[in-house]
Every structure is written in C-alpha cells, then in structure tokens.
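A.B. asks: File start05.cif below, mmCIF, C-alpha atoms:
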data_structure
#
loop_
_atom_site.label_atom_id
_atom_site.label_comp_id
_atom_site.auth_asym_id
_atom_site.auth_seq_id
_atom_site.Cartn_x
_atom_site.Cartn_y
_atom_site.Cartn_z
CA MET A 1 130.56 153.71 74.15
CA ARG A 2 129.83 154.72 70.55
CA VAL A 3 130.77 152.09 67.98
CA LEU A 4 131.06 153.00 64.33
CA THR A 5 128.68 151.17 62.07
CA THR A 6 130.28 149.13 59.33
CA ALA A 7 129.08 151.64 56.77
CA ALA A 8 130.52 154.54 58.73
CA ALA A 9 133.78 152.73 59.20
CA ARG A 10 133.98 152.09 55.47
CA LEU A 11 133.32 155.75 54.74
CA ALA A 12 136.04 156.74 57.20
CA GLY A 13 138.43 154.32 55.56
CA MET A 14 137.52 155.63 52.12
CA GLY A 15 138.18 159.17 53.28
CA LEU A 16 141.59 158.24 54.65
CA THR A 17 142.47 156.34 51.49
CA LEU A 18 141.40 159.35 49.45
CA SER A 19 143.61 161.64 51.52
CA LEU A 20 146.59 159.39 50.82
CA VAL A 21 145.81 159.32 47.10
CA LEU A 22 145.64 163.10 47.06
CA ALA A 23 148.86 163.24 49.04
CA GLY A 24 150.52 161.16 46.33
CA CYS A 25 149.38 163.76 43.83
CA GLY A 26 150.83 166.58 45.94
CA LEU A 27 147.48 168.00 47.08
CA THR A 28 147.68 167.68 50.88
CA GLY A 29 150.40 170.14 51.70
CA SER A 30 153.22 167.63 51.46
CA SER A 31 156.64 169.19 51.73
CA GLU A 32 157.58 167.26 48.59
CA ALA A 33 154.52 168.13 46.54
CA THR A 34 156.64 169.53 43.76
CA THR A 35 158.88 166.44 43.51
CA ALA A 36 158.54 164.55 40.25
CA LEU A 37 156.76 161.23 40.64
CA LYS A 38 159.07 158.23 40.57
CA VAL A 39 157.95 154.93 39.12
CA PRO A 40 159.08 151.87 41.11
CA GLY A 41 161.27 149.52 39.11
CA PRO A 42 160.03 146.09 38.09
CA GLN A 43 161.97 144.50 40.94
CA ALA A 44 161.12 147.04 43.68
CA ARG A 45 161.28 145.39 47.10
CA VAL A 46 159.59 146.30 50.38
CA ALA A 47 160.71 144.47 53.52
CA LEU A 48 157.95 143.68 56.02
CA LEU A 49 159.61 142.86 59.35
CA LEU A 50 157.13 141.55 61.91
CA PRO A 51 157.98 140.64 65.51
CA GLU A 52 156.35 137.43 66.66
CA VAL A 53 153.95 134.54 66.18
CA ALA A 54 152.57 134.27 69.75
CA ALA A 55 149.89 136.81 68.83
CA SER A 56 148.11 135.26 65.85
CA ARG A 57 147.36 138.59 64.17
CA TYR A 58 150.74 139.12 62.50
CA GLU A 59 150.76 135.92 60.46
CA ALA A 60 147.00 135.67 59.95
CA ALA A 61 146.14 139.29 59.19
CA ASP A 62 148.91 141.91 59.02
CA GLN A 63 151.10 140.10 56.51
CA PRO A 64 148.39 139.02 54.01
CA TYR A 65 146.53 142.34 54.14
CA PHE A 66 149.75 144.29 53.60
CA ALA A 67 150.93 142.09 50.74
CA GLN A 68 147.55 142.14 49.00
CA LYS A 69 147.28 145.93 49.14
CA LEU A 70 150.84 146.57 47.96
CA LYS A 71 150.34 144.16 45.05
CA GLU A 72 147.23 146.10 44.09
CA LEU A 73 149.09 149.43 44.20
CA CYS A 74 152.36 148.18 42.74
CA PRO A 75 151.92 144.94 40.75
CA GLY A 76 155.65 144.61 40.10
CA CYS A 77 156.70 145.07 43.72
CA THR A 78 157.95 142.24 45.93
CA VAL A 79 157.18 141.94 49.64
CA ASP A 80 160.16 140.47 51.48
CA TYR A 81 158.38 139.17 54.59
CA ARG A 82 160.28 138.13 57.74
CA ASN A 83 159.07 137.21 61.24
CA ALA A 84 161.57 137.52 64.11
CA GLU A 85 159.73 135.15 66.48
CA GLN A 86 160.29 137.54 69.41
CA ASP A 87 164.09 137.60 68.94
CA ALA A 88 165.60 141.09 68.58
CA ALA A 89 168.96 139.76 67.36
CA LYS A 90 167.20 137.68 64.73
CA GLN A 91 165.21 140.72 63.60
CA LEU A 92 168.42 142.71 63.18
CA GLN A 93 169.89 139.96 61.02
CA GLN A 94 166.69 139.75 58.98
CA ALA A 95 166.84 143.51 58.38
CA LYS A 96 170.49 143.33 57.30
CA ASP A 97 169.65 140.54 54.86
CA ALA A 98 166.64 142.39 53.47
CA LEU A 99 168.73 145.52 52.92
CA ASP A 100 171.50 143.50 51.27
CA LYS A 101 168.90 142.05 48.91
CA GLY A 102 167.80 145.51 47.82
CA ALA A 103 164.86 146.49 50.01
CA GLU A 104 163.89 150.07 49.14
CA VAL A 105 161.49 150.56 52.09
CA LEU A 106 161.40 148.89 55.52
CA VAL A 107 158.07 148.36 57.30
CA LEU A 108 159.17 147.45 60.80
CA THR A 109 157.34 146.25 63.91
CA PRO A 110 160.15 146.08 66.46
CA VAL A 111 160.66 143.21 68.86
CA ASP A 112 162.52 145.68 71.07
CA SER A 113 161.57 149.32 70.56
CA VAL A 114 165.00 150.62 71.60
CA ALA A 115 167.26 147.93 70.09
CA ALA A 116 165.48 148.36 66.74
CA GLY A 117 167.18 151.74 66.46
CA GLU A 118 170.17 149.87 65.01
CA ILE A 119 167.97 148.59 62.19
CA VAL A 120 166.82 152.12 61.39
CA THR A 121 170.41 153.41 61.44
CA LEU A 122 171.46 150.72 58.96
CA ALA A 123 168.52 151.58 56.69
CA LYS A 124 169.24 155.30 56.79
CA ALA A 125 172.87 154.65 55.84
CA LYS A 126 171.50 153.13 52.63
CA LYS A 127 168.92 155.95 52.23
CA VAL A 128 166.09 153.46 52.80
CA PRO A 129 163.02 154.98 54.51
CA VAL A 130 161.47 153.23 57.52
CA ILE A 131 157.82 152.97 58.52
CA SER A 132 157.41 152.09 62.20
CA TYR A 133 154.41 149.77 62.03
CA ASP A 134 152.09 149.08 64.98
CA ARG A 135 154.91 149.56 67.53
CA LEU A 136 157.03 152.70 67.76
CA VAL A 137 160.81 152.54 67.34
CA LEU A 138 162.41 154.76 69.98
CA GLY A 139 165.48 156.97 69.94
CA VAL A 140 166.10 157.36 66.21
CA PRO A 141 164.24 159.30 63.50
CA VAL A 142 161.81 157.24 61.41
CA ASP A 143 159.80 158.40 58.40
CA TYR A 144 156.31 157.42 59.58
CA TYR A 145 154.51 155.72 62.43
CA ILE A 146 151.21 153.91 61.91
CA SER A 147 149.36 152.32 64.81
CA PHE A 148 146.41 152.77 67.12
CA ASP A 149 145.90 155.20 69.98
CA ASN A 150 147.57 152.81 72.40
CA ALA A 151 147.01 154.82 75.59
CA LYS A 152 143.32 154.67 74.67
CA VAL A 153 143.57 150.87 74.43
CA GLY A 154 144.59 150.76 78.09
CA SER A 155 141.88 153.24 79.00
CA LEU A 156 139.21 151.16 77.24
CA GLN A 157 140.37 148.02 79.04
CA ALA A 158 140.39 149.71 82.43
CA THR A 159 137.02 151.39 81.95
CA ALA A 160 135.46 148.07 80.92
CA LEU A 161 136.93 146.35 83.98
CA LEU A 162 135.50 149.03 86.28
CA ASP A 163 132.12 148.69 84.58
CA ALA A 164 132.18 144.92 85.07
CA LEU A 165 133.17 145.18 88.74
CA GLY A 166 130.58 147.83 89.52
CA ALA A 167 129.81 148.05 93.22
CA ASP A 168 132.19 145.14 93.91
CA ALA A 169 135.28 147.16 92.94
CA GLY A 170 136.23 147.62 96.59
CA SER A 171 135.43 144.09 97.74
CA GLY A 172 138.79 142.52 96.87
CA LYS A 173 141.90 142.90 94.73
CA ILE A 174 142.82 142.56 91.06
CA LEU A 175 145.77 140.94 89.32
CA TRP A 176 147.54 143.27 86.88
CA ILE A 177 149.32 141.74 83.87
CA ASN A 178 151.11 144.08 81.47
CA GLY A 179 152.77 143.32 78.14
CA SER A 180 156.45 143.02 77.31
CA PRO A 181 158.74 145.66 78.86
CA THR A 182 160.61 145.93 75.52
CA ASP A 183 157.45 146.96 73.63
CA ASN A 184 156.63 150.66 73.74
CA ASN A 185 152.97 149.85 73.08
CA ALA A 186 152.86 147.89 76.34
CA THR A 187 154.11 150.98 78.16
CA LEU A 188 151.29 153.02 76.64
CA PHE A 189 148.64 150.40 77.47
CA LYS A 190 149.88 150.43 81.06
CA GLN A 191 149.80 154.23 81.27
CA GLY A 192 146.26 154.41 79.90
CA ALA A 193 145.00 151.74 82.28
CA HIS A 194 146.65 153.20 85.38
CA ALA A 195 145.18 156.62 84.60
CA VAL A 196 141.71 155.07 84.93
CA LEU A 197 142.17 152.46 87.66
CA ASP A 198 144.60 154.06 90.13
CA GLY A 199 142.78 154.84 93.38
CA LYS A 200 139.70 152.86 92.31
CA VAL A 201 140.93 149.28 92.74
CA SER A 202 143.37 147.44 94.98
CA ILE A 203 146.16 145.54 93.21
CA ALA A 204 147.35 142.19 94.57
CA GLY A 205 150.33 142.16 92.21
CA GLU A 206 151.53 143.63 88.92
CA TYR A 207 153.69 141.90 86.32
CA ASP A 208 155.39 142.83 83.03
CA THR A 209 155.10 139.77 80.79
CA ILE A 210 158.45 138.93 79.22
CA ASP A 211 158.09 138.54 75.44
CA TRP A 212 154.28 138.77 75.70
CA ASN A 213 154.46 135.01 76.36
CA PRO A 214 151.14 133.60 77.69
CA ASP A 215 153.06 130.88 79.52
CA ASN A 216 154.93 133.56 81.48
CA ALA A 217 151.64 135.22 82.41
CA LYS A 218 150.19 131.87 83.46
CA ALA A 219 153.22 131.02 85.62
CA TRP A 220 153.20 134.43 87.34
CA THR A 221 149.47 134.17 88.02
CA ALA A 222 149.90 130.71 89.54
CA ARG A 223 152.75 131.94 91.79
CA THR A 224 150.77 135.00 92.87
CA LEU A 225 147.60 133.04 93.63
CA ALA A 226 149.63 130.70 95.85
CA GLN A 227 150.83 133.69 97.89
CA LEU A 228 147.49 135.48 98.33
CA ASP A 229 147.03 134.50 101.98
CA GLY A 230 143.26 134.82 101.91
CA GLN A 231 143.03 137.86 99.62
CA LYS A 232 140.02 137.76 97.30
CA ILE A 233 140.68 138.23 93.56
CA ILE A 234 137.77 140.04 91.89
CA GLY A 235 139.25 140.75 88.44
CA VAL A 236 142.26 140.72 86.15
CA TYR A 237 143.69 143.51 84.06
CA ALA A 238 145.45 141.67 81.20
CA ALA A 239 147.06 143.65 78.40
CA ASN A 240 146.19 141.26 75.57
CA ASP A 241 144.26 138.08 74.83
CA GLY A 242 147.30 135.83 75.16
CA THR A 243 148.11 137.00 78.68
CA ALA A 244 144.40 136.89 79.53
CA GLY A 245 144.27 133.25 78.45
CA GLY A 246 147.31 132.44 80.58
CA ALA A 247 145.79 134.08 83.65
CA ILE A 248 142.44 132.34 83.16
CA ALA A 249 144.11 128.95 82.79
CA ALA A 250 146.05 129.47 86.03
CA MET A 251 142.93 130.57 87.90
CA HIS A 252 140.98 127.56 86.68
CA ALA A 253 143.86 125.27 87.71
CA ALA A 254 143.70 126.83 91.19
CA GLY A 255 139.99 126.06 91.40
CA LEU A 256 138.84 129.68 91.23
CA GLY A 257 135.68 130.77 89.50
CA ASP A 258 135.49 133.23 86.62
CA VAL A 259 136.03 136.94 87.27
CA PRO A 260 136.10 139.87 84.82
CA VAL A 261 139.28 139.69 82.69
CA THR A 262 140.35 142.20 80.03
CA GLY A 263 142.20 141.53 76.78
CA GLN A 264 143.18 142.87 73.38
CA ASP A 265 143.44 141.76 69.72
CA ALA A 266 139.99 140.13 69.39
CA GLU A 267 141.54 136.70 68.83
CA THR A 268 139.01 133.98 68.04
CA GLY A 269 139.91 132.05 71.21
CA ALA A 270 139.37 135.16 73.32
CA LEU A 271 136.01 135.90 71.68
CA GLN A 272 134.99 132.33 72.47
CA ARG A 273 136.08 132.80 76.10
CA ILE A 274 133.96 135.95 76.20
CA LEU A 275 130.95 134.03 74.90
CA ALA A 276 131.56 131.36 77.53
CA GLY A 277 131.84 133.93 80.34
CA GLU A 278 135.51 133.27 81.09
CA GLN A 279 136.82 136.62 79.77
CA TYR A 280 134.90 139.87 80.00
CA MET A 281 136.21 141.91 77.06
CA THR A 282 138.83 142.42 74.40
CA VAL A 283 139.93 145.39 72.31
CA TYR A 284 139.35 145.23 68.57
CA LYS A 285 141.96 146.95 66.47
CA ALA A 286 140.95 146.87 62.82
CA ILE A 287 144.13 145.38 61.38
CA ARG A 288 143.11 145.55 57.74
CA PRO A 289 143.02 149.37 57.50
CA GLU A 290 146.25 149.56 59.50
CA ALA A 291 148.06 147.13 57.20
CA GLU A 292 146.61 148.66 54.05
CA LYS A 293 147.60 152.15 55.14
CA ALA A 294 151.14 150.93 55.71
CA ALA A 295 151.16 149.49 52.18
CA GLU A 296 149.92 152.80 50.78
CA LEU A 297 152.69 154.66 52.61
CA ALA A 298 155.30 152.16 51.40
CA ASN A 299 154.09 152.68 47.84
CA ASP A 300 154.25 156.46 48.28
CA LEU A 301 157.82 156.24 49.58
CA LEU A 302 158.84 154.02 46.67
CA ARG A 303 157.58 156.78 44.40
CA GLY A 304 159.43 159.52 46.26
CA GLN A 305 156.28 160.94 47.84
CA HIS A 306 155.89 161.94 51.49
CA PRO A 307 152.20 162.54 52.24
CA LYS A 308 151.29 164.76 55.15
CA ALA A 309 150.25 162.88 58.29
CA PRO A 310 147.38 164.07 60.49
CA ALA A 311 149.35 163.70 63.74
CA THR A 312 152.83 163.46 65.21
CA VAL A 313 154.19 161.28 68.03
CA ASP A 314 157.40 161.88 70.01
CA ASN A 315 159.73 158.86 69.81
CA LYS A 316 162.49 160.51 71.88
CA ALA A 317 164.32 161.53 68.72
CA GLY A 318 161.73 164.00 67.45
CA GLN A 319 158.16 164.21 66.26
CA VAL A 320 157.27 161.35 63.91
CA PRO A 321 154.53 161.89 61.28
CA SER A 322 151.82 159.51 62.45
CA PHE A 323 148.56 157.86 61.48
CA LEU A 324 146.66 156.65 64.58
CA LEU A 325 143.54 154.52 64.28
CA ASP A 326 140.79 154.22 66.88
CA PRO A 327 140.49 151.02 68.97
CA VAL A 328 137.09 149.63 70.01
CA ALA A 329 136.11 147.76 73.19
CA VAL A 330 134.27 144.48 72.55
CA THR A 331 132.10 142.61 75.04
CA ARG A 332 129.67 139.73 74.60
CA ASP A 333 126.91 142.20 73.70
CA THR A 334 128.88 143.87 70.90
CA ILE A 335 130.65 140.97 69.18
CA ALA A 336 127.97 140.85 66.47
CA THR A 337 128.10 144.59 65.73
CA THR A 338 131.90 144.91 65.69
CA VAL A 339 134.18 142.04 64.72
CA ILE A 340 131.42 139.99 63.03
CA ALA A 341 129.93 142.98 61.18
CA ASP A 342 133.39 143.99 59.91
CA GLY A 343 134.21 140.46 58.75
CA PHE A 344 137.18 140.22 61.13
CA VAL A 345 135.91 136.82 62.25
CA THR A 346 133.17 134.68 60.77
CA PRO A 347 130.24 133.15 62.66
CA GLY A 348 131.32 129.77 61.32
CA SER A 349 134.77 129.93 62.93
CA LEU A 350 133.53 131.54 66.15
CA CYS A 351 130.51 129.33 66.76
CA ALA A 352 131.97 125.91 66.05
CA GLY A 353 131.35 122.99 68.39
CA GLN A 354 130.74 123.83 72.03
CA TYR A 355 130.27 127.55 71.32
CA ALA A 356 127.18 127.17 69.10
CA THR A 357 124.74 127.61 71.98
CA ALA A 358 126.58 130.61 73.41
CA CYS A 359 126.64 132.24 69.97
CA LYS A 360 122.91 131.74 69.57
CA ALA A 361 122.29 133.32 72.96
CA ALA A 362 124.42 136.31 71.90
CA GLY A 363 122.47 136.71 68.66
CA ILE A 364 125.25 135.41 66.44
CA GLY A 365 124.18 133.09 63.65
CA GLY A 366 126.25 130.01 62.79
#
Could you spell out this file's structure in structure tokens?
C.D. replies:
Amino acid sequence: MRVLTTAAARLAGMGLTLSLVLAGCGLTGSSEATTALKVPGPQARVALLLPEVAASRYEAADQPYFAQKLKELCPGCTVDYRNAEQDAAKQLQQAKDALDKGAEVLVLTPVDSVAAGEIVTLAKAKKVPVISYDRLVLGVPVDYYISFDNAKVGSLQATALLDALGADAGSGKILWINGSPTDNNATLFKQGAHAVLDGKVSIAGEYDTIDWNPDNAKAWTARTLAQLDGQKIIGVYAANDGTAGGAIAAMHAAGLGDVPVTGQDAETGALQRILAGEQYMTVYKAIRPEAEKAAELANDLLRGQHPKAPATVDNKAGQVPSFLLDPVAVTRDTIATTVIADGFVTPGSLCAGQYATACKAAGIGG
C-alpha cells in the first residue's frame, strides 16, 4: 500500500487549506461568492459537541486541535466544548444549552446518528449552521460533513487481516467485532470489511459493540470463546483499538495465543500491542487535519461563507457537501513512517518501559 510521505502529506494539507482560503474569498465556485464578508463579533461562539471519552482521540486530539486552529483564525471566538460521554440524551441537553448561550455554529459528532437529528432541527430553528464532524448525522439536512472515507477504513482492516492470515485463512474461523450500532461510521466500517472478507474467511460469531465499550467487546469474546466447541480461532476483525484490546484481553484470559487482530485510531496502547505482537494492525486517521478543517469551515460559516466541497455524501435527507480524508493502514513495519513521522505519537511515549526493546527492533528510536 502506498503511504504518503510526511512532506507529501503536508503539501496535500497546504493545498486543501489554500482551497478553503480561496473559497472564503469567493474563488472556488461557492454559491455565495457574491455575499459580503461578515466579521464575527467579539463574543462569537462555536459549540464543539463530541461524543465520548472511551476513545482517547476526542479529548487528546480533536478538541485541542480544533480550538487551537479556530483561535488562530478568529482570535475573539470562543469554543464551547462539551463531551456527551456516550449519552445521546446528555448530548441533546448540551446542544440546547450551547444554543441558549449563543452558539452561532455547531460542530457535532453524534452519539447516535439518528437521534442527533433533533439537535440539528433545534439549531436550524435558530438559523445556526451545523457541521457533522467525523460521524454523519442521518435523516436531516446538515451544512457540511467532514470525516474519513469510512468504508475504506473497513476495507483496509479486512485486507490487512487477509494478508496476515495468508495461506491459513481457511484453517479456522475469525471473531468479528463491529462498532456501535448507533454510529453510522460503524455501519460503513462493517460494509467495507464485509466486501473484502465475505467468502474468504469463516466467521465464528459477529457482534455489534454497544457504545463502542471495550468491556462489552471483552465480555462477548469471552462468552463466544466458551462456546466454540473445538473451533479454532485464527484471527479477529475488530473495528477499533478499544474493541481490539477487549478481545485480546479475553483471549489471553482464556489461555489462547496471539492471532492477527485489526484495529483503528492508532492509540498509543494499540501501537504498543502491535510492537509486542499482540495486535496486527491499526488504521491511522490524521486527526489534526480533520479537526483543523472543521475549524476552518466553522470560521467560514461565522463569516457567512459557504465554500464548495469536493464531494457529497447521502445522509438520507439529501446530498451533504463533504470533505473526506484518506485513512492509512499501520503495521509494525510502518509505525515509524506514518504515526511517528507525522508526530501523531512520539518515540518517547511509545517506547517507554517494556516496549523499548520492541521499538528498537522496529527501527524506532527512544
């Protein structure tokens, strides 16, 4: 698989940033190119509504990257940040409160892709635009969608699993662990993975992980292993690093050896499991450009600008103008040239303690 060099990735990011700047000046074919530029007021507020803390990315990366970029673009703007902790009702209340406090743009990652339609309806009643961030809100019109090619995420995971199994693909069965059934991204990961793996592997059991909770994935894996009746498990399709960690913990508790396991999010713990041979791969989604692009779009919307998007995605209420980034598969052999090279994780954090030797063997300096 071709991996962009850091320099190439930076050039791509610069090109996309430039296109957004030009869009703000009315030079990309925007339908509102002739609209006079608005200047956000000194108290302009953007609500950033994120879904959970189980995946470390939202607190550790999305929120700070978004806030930093918006502050750079709009020094007087305030980011009203809320995290719903995987509670759709709580997210609705957070949105109501943010709107009552004067949010002029909502950047929303829904806990529940369908239930979040109520949030969008409330925002539209106040003429507040909504950016569907990372996960797509379904069933109501939103102004923009920014995410990754999520069907490709599933395809990358499945292709890597097949590569790892090689000639052993028919020698046993795999466990299949999807993400939350309320997350549209999880549906897309599943579709992409099934398109690659169906007919090529045998599945011992498939599970949709409620709330993306690793403990739920661990418990299901333990129950399934106890019911195998002599079936051999040769691999695990896991939709993200949290569910991968849960499955691995359950397999170790059952006394089973390591088999190829997929993942997603390039969490430090998962990268360490990859170095140790417990997990085969993860998917790296460059969160910084995603979060910064969302901040650029929020700034544009504050100013009354609607830049042209390069793609559209159907959210069952129409075609949503969309910006879709490219995910990258990461294995032990490519950690150094992907997540390390991009500064997503540092050698110091990755190679601490027991992982120092494994890092050295993988060509990663401490």
A.B. asks: Evaluated on this file, the PyMOL selection byres ((chain A and resi 109) around 7) picks out some residues - which ones are they, written as a VMD selection string?
C.D. replies: chain A and resid 49 to 51 107 to 108 110 to 111 132 to 135
A.B. asks: I want to know what sits within 10 Å of A:Thr187, based on all atoms listed in the file, with residues of the same chain fewer than 3 positions away left out; could you give that as a PDB file with C-alpha atoms, keeping the file's coordinate frame?
C.D. replies:
ATOM      1  CA  ASN A 150     147.570 152.810  72.400  1.00  0.00           C
ATOM      2  CA  ALA A 151     147.010 154.820  75.590  1.00  0.00           C
ATOM      3  CA  GLY A 154     144.590 150.760  78.090  1.00  0.00           C
ATOM      4  CA  ASN A 178     151.110 144.080  81.470  1.00  0.00           C
ATOM      5  CA  GLY A 179     152.770 143.320  78.140  1.00  0.00           C
ATOM      6  CA  SER A 180     156.450 143.020  77.310  1.00  0.00           C
ATOM      7  CA  PRO A 181     158.740 145.660  78.860  1.00  0.00           C
ATOM      8  CA  THR A 182     160.610 145.930  75.520  1.00  0.00           C
ATOM      9  CA  ASP A 183     157.450 146.960  73.630  1.00  0.00           C
ATOM     10  CA  ASN A 184     156.630 150.660  73.740  1.00  0.00           C
ATOM     11  CA  LYS A 190     149.880 150.430  81.060  1.00  0.00           C
ATOM     12  CA  GLN A 191     149.800 154.230  81.270  1.00  0.00           C
ATOM     13  CA  GLY A 192     146.260 154.410  79.900  1.00  0.00           C
ATOM     14  CA  ASP A 208     155.390 142.830  83.030  1.00  0.00           C
TER      15      ASP A 208
END
A.B. asks: So that I can see what lies close to A:Arg273, please list as a tab-separated table (two decimals) with C-alpha atoms, in the coordinates of the input the residues with an atom at most 10 Å from it, counting all atoms listed in the file and leaving out residues fewer than 2 positions away in the same chain.
C.D. replies:
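Final file, out-v1.tsv:
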chain	number	residue	atom	x	y	z
A	241	ASP	CA	144.26	138.08	74.83
A	244	ALA	CA	144.40	136.89	79.53
A	245	GLY	CA	144.27	133.25	78.45
A	248	ILE	CA	142.44	132.34	83.16
A	267	GLU	CA	141.54	136.70	68.83
A	268	THR	CA	139.01	133.98	68.04
A	269	GLY	CA	139.91	132.05	71.21
A	270	ALA	CA	139.37	135.16	73.32
A	271	LEU	CA	136.01	135.90	71.68
A	275	LEU	CA	130.95	134.03	74.90
A	276	ALA	CA	131.56	131.36	77.53
A	277	GLY	CA	131.84	133.93	80.34
A	278	GLU	CA	135.51	133.27	81.09
A	279	GLN	CA	136.82	136.62	79.77
A	280	TYR	CA	134.90	139.87	80.00
A	281	MET	CA	136.21	141.91	77.06
A	332	ARG	CA	129.67	139.73	74.60
A	355	TYR	CA	130.27	127.55	71.32
A.B. asks: Restricting the calculation to only C-alpha atoms: of A:Lys126, A:Lys71, A:Lys173, A:Lys218, which residue gets closest to A:Ala254?
C.D. replies: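 Going through A:Lys126, A:Lys71, A:Lys173, A:Lys218 one by one, the smallest distance to A:Ala254 is for A:Lys218.
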A.B. asks: Nearest residue to A:Phe323 out of A:Leu73, A:Leu302, A:Ala250, A:Pro307, using all atoms listed in the file?
C.D. replies: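 Nearest to A:Phe323: A:Pro307.
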A.B. asks: Can you report as AutoDock Vina command-line options the centre and edge lengths in Å, to one decimal, of an axis-aligned box around the listed atoms of stretch 172-179 of chain A padded with 3 Å on each side?
C.D. replies:
--center_x 145.8 --center_y 142.5 --center_z 87.5 --size_x 20.0 --size_y 9.1 --size_z 24.7
A.B. asks: Expanded to explicit residues, what is the PyMOL selection byres ((chain A and resi 230-239) around 8) for this file, as JSON, numbers by chain?
C.D. replies: {"A": [154, 157, 158, 161, 165, 168, 169, 171, 172, 173, 174, 175, 176, 177, 178, 179, 186, 189, 190, 204, 228, 229, 240, 241, 243, 244, 247, 259, 260, 261, 262, 263, 264]}
A.B. asks: Just how far from atom CA of A:Ala84 is atom CA of A:Val53, in Å to one decimal?
C.D. replies: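 Interatomic distance here is 8.4 Å.
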A.B. asks: Tell me, in Å to one decimal, how far atom CA of A:Glu206 is from atom CA of A:Ala249.
C.D. replies: 17.6 Å
A.B. asks: Exactly which residues make up the result of the PyMOL selection byres ((chain A and resi 222) around 10) on this file, given as a tab-separated table (two decimals) with C-alpha atoms, keeping the file's coordinate frame?
C.D. replies:
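Output saved as expr.tsv:
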chain	number	residue	atom	x	y	z
A	216	ASN	CA	154.93	133.56	81.48
A	217	ALA	CA	151.64	135.22	82.41
A	218	LYS	CA	150.19	131.87	83.46
A	219	ALA	CA	153.22	131.02	85.62
A	220	TRP	CA	153.20	134.43	87.34
A	221	THR	CA	149.47	134.17	88.02
A	223	ARG	CA	152.75	131.94	91.79
A	224	THR	CA	150.77	135.00	92.87
A	225	LEU	CA	147.60	133.04	93.63
A	226	ALA	CA	149.63	130.70	95.85
A	227	GLN	CA	150.83	133.69	97.89
A	246	GLY	CA	147.31	132.44	80.58
A	247	ALA	CA	145.79	134.08	83.65
A	248	ILE	CA	142.44	132.34	83.16
A	249	ALA	CA	144.11	128.95	82.79
A	250	ALA	CA	146.05	129.47	86.03
A	251	MET	CA	142.93	130.57	87.90
A	252	HIS	CA	140.98	127.56	86.68
A	253	ALA	CA	143.86	125.27	87.71
A	254	ALA	CA	143.70	126.83	91.19
A.B. asks: So which one's closest to A:Val283, A:Thr334, A:Thr346, A:Thr209, A:Gln68? Using all atoms listed in the file, please.
C.D. replies: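 Closest candidate: A:Thr334.
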A.B. asks: When you look at A:Gln93 with a cut-off of 12 Å (counting all atoms listed in the file), what residues show up, excluding the ones that are within fewer than 2 positions of it in the same chain? I need them as an mmCIF file with C-alpha atoms, in the coordinates of the input.
C.D. replies:
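Final output, saved to result17.cif:
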data_model
loop_
_atom_site.group_PDB
_atom_site.id
_atom_site.type_symbol
_atom_site.label_atom_id
_atom_site.label_comp_id
_atom_site.auth_asym_id
_atom_site.auth_seq_id
_atom_site.Cartn_x
_atom_site.Cartn_y
_atom_site.Cartn_z
ATOM 1 C CA LEU A 49 159.610 142.860 59.350
ATOM 2 C CA ARG A 82 160.280 138.130 57.740
ATOM 3 C CA ASN A 83 159.070 137.210 61.240
ATOM 4 C CA ALA A 84 161.570 137.520 64.110
ATOM 5 C CA ASP A 87 164.090 137.600 68.940
ATOM 6 C CA ALA A 88 165.600 141.090 68.580
ATOM 7 C CA ALA A 89 168.960 139.760 67.360
ATOM 8 C CA LYS A 90 167.200 137.680 64.730
ATOM 9 C CA GLN A 91 165.210 140.720 63.600
ATOM 10 C CA ALA A 95 166.840 143.510 58.380
ATOM 11 C CA LYS A 96 170.490 143.330 57.300
ATOM 12 C CA ASP A 97 169.650 140.540 54.860
ATOM 13 C CA ALA A 98 166.640 142.390 53.470
ATOM 14 C CA LEU A 99 168.730 145.520 52.920
ATOM 15 C CA ASP A 100 171.500 143.500 51.270
ATOM 16 C CA ALA A 116 165.480 148.360 66.740
ATOM 17 C CA GLU A 118 170.170 149.870 65.010
ATOM 18 C CA ILE A 119 167.970 148.590 62.190
ATOM 19 C CA LEU A 122 171.460 150.720 58.960
#
A.B. asks: For atom CA of A:Leu297 and atom CA of A:Tyr144, determine how far apart the two atoms are, in Å to one decimal place.
C.D. replies: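 Rounded to one decimal, the two atoms are 8.3 Å apart.
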A.B. asks: Restricting the calculation to only C-alpha atoms: of A:Ala193, A:Ala336, A:Leu301, A:Ala123, which residue gets closest to A:Ala44?
C.D. replies: A:Leu301
